[in-house]
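Here is the structure we will look at.
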Amino acid sequence: MSSDATPIEPPAPAAPAMSAAPAAPGTTVSTAPTILVVEDDPEVRTFVAATLDAHGYAHQSASTGREAIALAATCAPDIILLDLGLPDIDGIEVVRAIRAWSVVPIIVVSARSEDADKIGALDAGADDYVCKPFSVGELLARIRATERHLAIATAARAGAPAPASASPVATPAAPGAAASGAAAASGATPFSASAAPAPAVFRDGGLAIDYAAGVVTLDGAEVHLTPIEYRLLCLLSRNVGKVLTHRYILDQVWGARDDSAAAGGAGRPAGQAGDLATLRVYMGSLRKKIERDTAHPRYIQTHVGVGYRMMSV
């Protein structure tokens, strides 16, 4: 984001919706909240949208900060999921702009994990902060918690008793939800004050990684990996149950992207600073070494068009 970004004029808030006529007896009224997903990475945006679809949430999306502000004003979403690293303006500025007229709950979903970033976003008016990469279970739990807060606030305004634990949308447990508890125990939760140290040896079924020695074994036999394959496996193993996008893996294993690519420059040299084709080649090679049946992988699951996830065996 450039430091001399044009100040944002808060748009006029959307007119309040007309009161709906009372529903006929026996009619089910949908109370599914609308969620605005603000994310410039198309892989993450697609993954989050698919997750929301699968759990009964209505949603809209924006890929820039200014588009997010306009949609927040005109469409009046119930919850906003906001990335901070947007191409036009910083996400914290988006929070401040929306807070100028709206109290809509904002959940920041960002790769920035420093305390200063979390504090800045929360002080600007965000309600929650989720660090990337995140598990499906954690994201849905944050949304459900926000729904409960909304239900309590709505009941308080109406003078009715707050619902005990009802959520407007009944959301079944998502695949990988159990892994979110393990992620929290290992310090993956953004606000863990006393995260437990990462284990020296990772074990998943017959797969073991001795991080200190840099040794990988499968069913007791040593597996010989190239440096890139080892880094890929370590990255996945430290994020069990979480879908890591192609971009995230490329940035973590080969280094941050060259922004000149977005401006028409060369960007990452193929196979040198990492590209998608290179990632697929290395992932295929890694699978051949750790999977008994590459056609039915147990450890590394592919999410087509999004990325990869290490499964708990």
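Chain lettering (A, B, ...) mirrors the order of the structure tokens, residue numbering begins at 1 for each chain separately, and ligand numbering begins at 1 in order of display.
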
- Could you pull out the residues in segment 17-144 of chain A that DSSP calls strand (DSSP E or B) from the backbone, as number ranges by chain? A: 34-38, 58-62, 79-82, 106-110, 128-131, 135

Please save N, CA, C and O atoms of the selected residues as a tab-separated table (two decimals), in the first residue's frame.
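Output contents, as saved in out-v9.tsv:
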```tsv
chain	number	residue	atom	x	y	z
A	34	THR	N	-25.48	-12.56	6.00
A	34	THR	CA	-24.69	-12.35	4.79
A	34	THR	C	-23.29	-11.94	5.21
A	34	THR	O	-23.12	-11.04	6.03
A	35	ILE	N	-22.29	-12.60	4.65
A	35	ILE	CA	-20.90	-12.34	5.01
A	35	ILE	C	-20.18	-11.74	3.81
A	35	ILE	O	-20.25	-12.27	2.70
A	36	LEU	N	-19.51	-10.62	4.03
A	36	LEU	CA	-18.71	-10.00	2.99
A	36	LEU	C	-17.26	-10.47	3.14
A	36	LEU	O	-16.64	-10.26	4.18
A	37	VAL	N	-16.75	-11.14	2.11
A	37	VAL	CA	-15.38	-11.66	2.12
A	37	VAL	C	-14.50	-10.69	1.34
A	37	VAL	O	-14.68	-10.50	0.14
A	38	VAL	N	-13.55	-10.08	2.04
A	38	VAL	CA	-12.65	-9.10	1.41
A	38	VAL	C	-11.27	-9.74	1.34
A	38	VAL	O	-10.57	-9.86	2.35
A	58	ALA	N	-24.88	-17.03	3.27
A	58	ALA	CA	-24.89	-16.18	2.09
A	58	ALA	C	-23.63	-15.32	2.12
A	58	ALA	O	-23.13	-14.98	3.20
A	59	HIS	N	-23.10	-14.98	0.96
A	59	HIS	CA	-21.86	-14.20	0.97
A	59	HIS	C	-21.71	-13.37	-0.29
A	59	HIS	O	-22.30	-13.67	-1.34
A	60	GLN	N	-20.91	-12.33	-0.17
A	60	GLN	CA	-20.47	-11.51	-1.30
A	60	GLN	C	-18.96	-11.37	-1.16
A	60	GLN	O	-18.40	-11.66	-0.10
A	61	SER	N	-18.30	-10.90	-2.21
A	61	SER	CA	-16.85	-10.79	-2.13
A	61	SER	C	-16.35	-9.50	-2.75
A	61	SER	O	-17.01	-8.91	-3.62
A	62	ALA	N	-15.18	-9.08	-2.26
A	62	ALA	CA	-14.51	-7.89	-2.79
A	62	ALA	C	-13.02	-8.19	-2.80
A	62	ALA	O	-12.51	-8.89	-1.92
A	79	ILE	N	-21.65	-9.63	8.66
A	79	ILE	CA	-20.30	-9.88	9.14
A	79	ILE	C	-19.34	-9.62	7.99
A	79	ILE	O	-19.67	-9.90	6.82
A	80	ILE	N	-18.16	-9.10	8.30
A	80	ILE	CA	-17.13	-8.89	7.28
A	80	ILE	C	-15.89	-9.70	7.65
A	80	ILE	O	-15.41	-9.62	8.78
A	81	LEU	N	-15.39	-10.48	6.69
A	81	LEU	CA	-14.10	-11.16	6.82
A	81	LEU	C	-13.11	-10.35	5.99
A	81	LEU	O	-13.26	-10.24	4.77
A	82	LEU	N	-12.10	-9.79	6.63
A	82	LEU	CA	-11.25	-8.79	5.98
A	82	LEU	C	-9.78	-9.16	6.01
A	82	LEU	O	-9.20	-9.34	7.09
A	106	ILE	N	-16.38	-7.09	12.30
A	106	ILE	CA	-15.29	-7.29	11.34
A	106	ILE	C	-14.30	-8.29	11.91
A	106	ILE	O	-13.73	-8.06	12.99
A	107	ILE	N	-14.12	-9.40	11.21
A	107	ILE	CA	-13.13	-10.40	11.58
A	107	ILE	C	-11.97	-10.28	10.60
A	107	ILE	O	-12.13	-10.52	9.41
A	108	VAL	N	-10.81	-9.87	11.11
A	108	VAL	CA	-9.63	-9.77	10.26
A	108	VAL	C	-9.06	-11.17	10.05
A	108	VAL	O	-8.93	-11.95	11.00
A	109	VAL	N	-8.76	-11.50	8.79
A	109	VAL	CA	-8.13	-12.78	8.45
A	109	VAL	C	-6.86	-12.42	7.68
A	109	VAL	O	-6.92	-12.04	6.52
A	110	SER	N	-5.72	-12.53	8.34
A	110	SER	CA	-4.49	-11.98	7.76
A	110	SER	C	-3.29	-12.88	8.01
A	110	SER	O	-3.23	-13.60	9.01
A	128	ASP	N	-12.29	-9.22	15.81
A	128	ASP	CA	-11.58	-10.48	16.01
A	128	ASP	C	-10.45	-10.53	15.00
A	128	ASP	O	-10.42	-9.77	14.02
A	129	TYR	N	-9.50	-11.44	15.23
A	129	TYR	CA	-8.31	-11.52	14.37
A	129	TYR	C	-7.94	-12.99	14.22
A	129	TYR	O	-7.72	-13.69	15.21
A	130	VAL	N	-7.89	-13.48	12.98
A	130	VAL	CA	-7.51	-14.85	12.69
A	130	VAL	C	-6.27	-14.83	11.82
A	130	VAL	O	-6.23	-14.11	10.81
A	131	CYS	N	-5.25	-15.59	12.20
A	131	CYS	CA	-4.01	-15.62	11.43
A	131	CYS	C	-4.07	-16.69	10.34
A	131	CYS	O	-4.57	-17.79	10.56
A	135	SER	N	-7.52	-23.06	10.03
A	135	SER	CA	-8.30	-24.26	9.75
A	135	SER	C	-9.74	-23.85	9.49
A	135	SER	O	-10.21	-22.81	9.96
```

- Item | All helix (DSSP H, G or I) residues (DSSP, backbone) inside segment 27-143 of chain A, as number ranges by chain | A: 42-54, 65-75, 91-99, 115-124, 136-143

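Of the residues listed (A:Leu218, A:Arg231, A:Ala208, A:Ala32), A:Ala32 shows the shortest atom-to-atom separation from His55 of chain A; distances use only C-alpha atoms.
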
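Proximity of A:Val48, A:Leu84, A:Ile152, A:Leu233 to Thr217 of chain A, computed with only C-alpha atoms, is greatest for A:Leu233.
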
- Rounded to one decimal in Å, what is the spacing between atom CA of Glu138 of chain A and atom CA of Thr154 of chain A? 24.3 Å

- Query: If we count only C-alpha atoms, what is near Leu236 of chain A at a cut-off of 12 Å, once residues fewer than 5 positions away on the same chain are taken out, given as a PyMOL selection string?
  - Reply: chain A and resi 133+202+204+209+229-231+241-246+248-249+252-253+283+286+299-302+307-312

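Going from atom CA of Ala68 of chain A to atom CA of Ile98 of chain A covers 9.1 Å.
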
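Atom CA of Gly305 of chain A to atom CA of Leu140 of chain A spans 21.2 Å [interatomic distance, one decimal].
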
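In this comparison, which uses only C-alpha atoms, the residue of A:Gly137, A:Pro33, A:Pro42, A:Gly91 approaching Gly125 of chain A most closely is A:Gly91.
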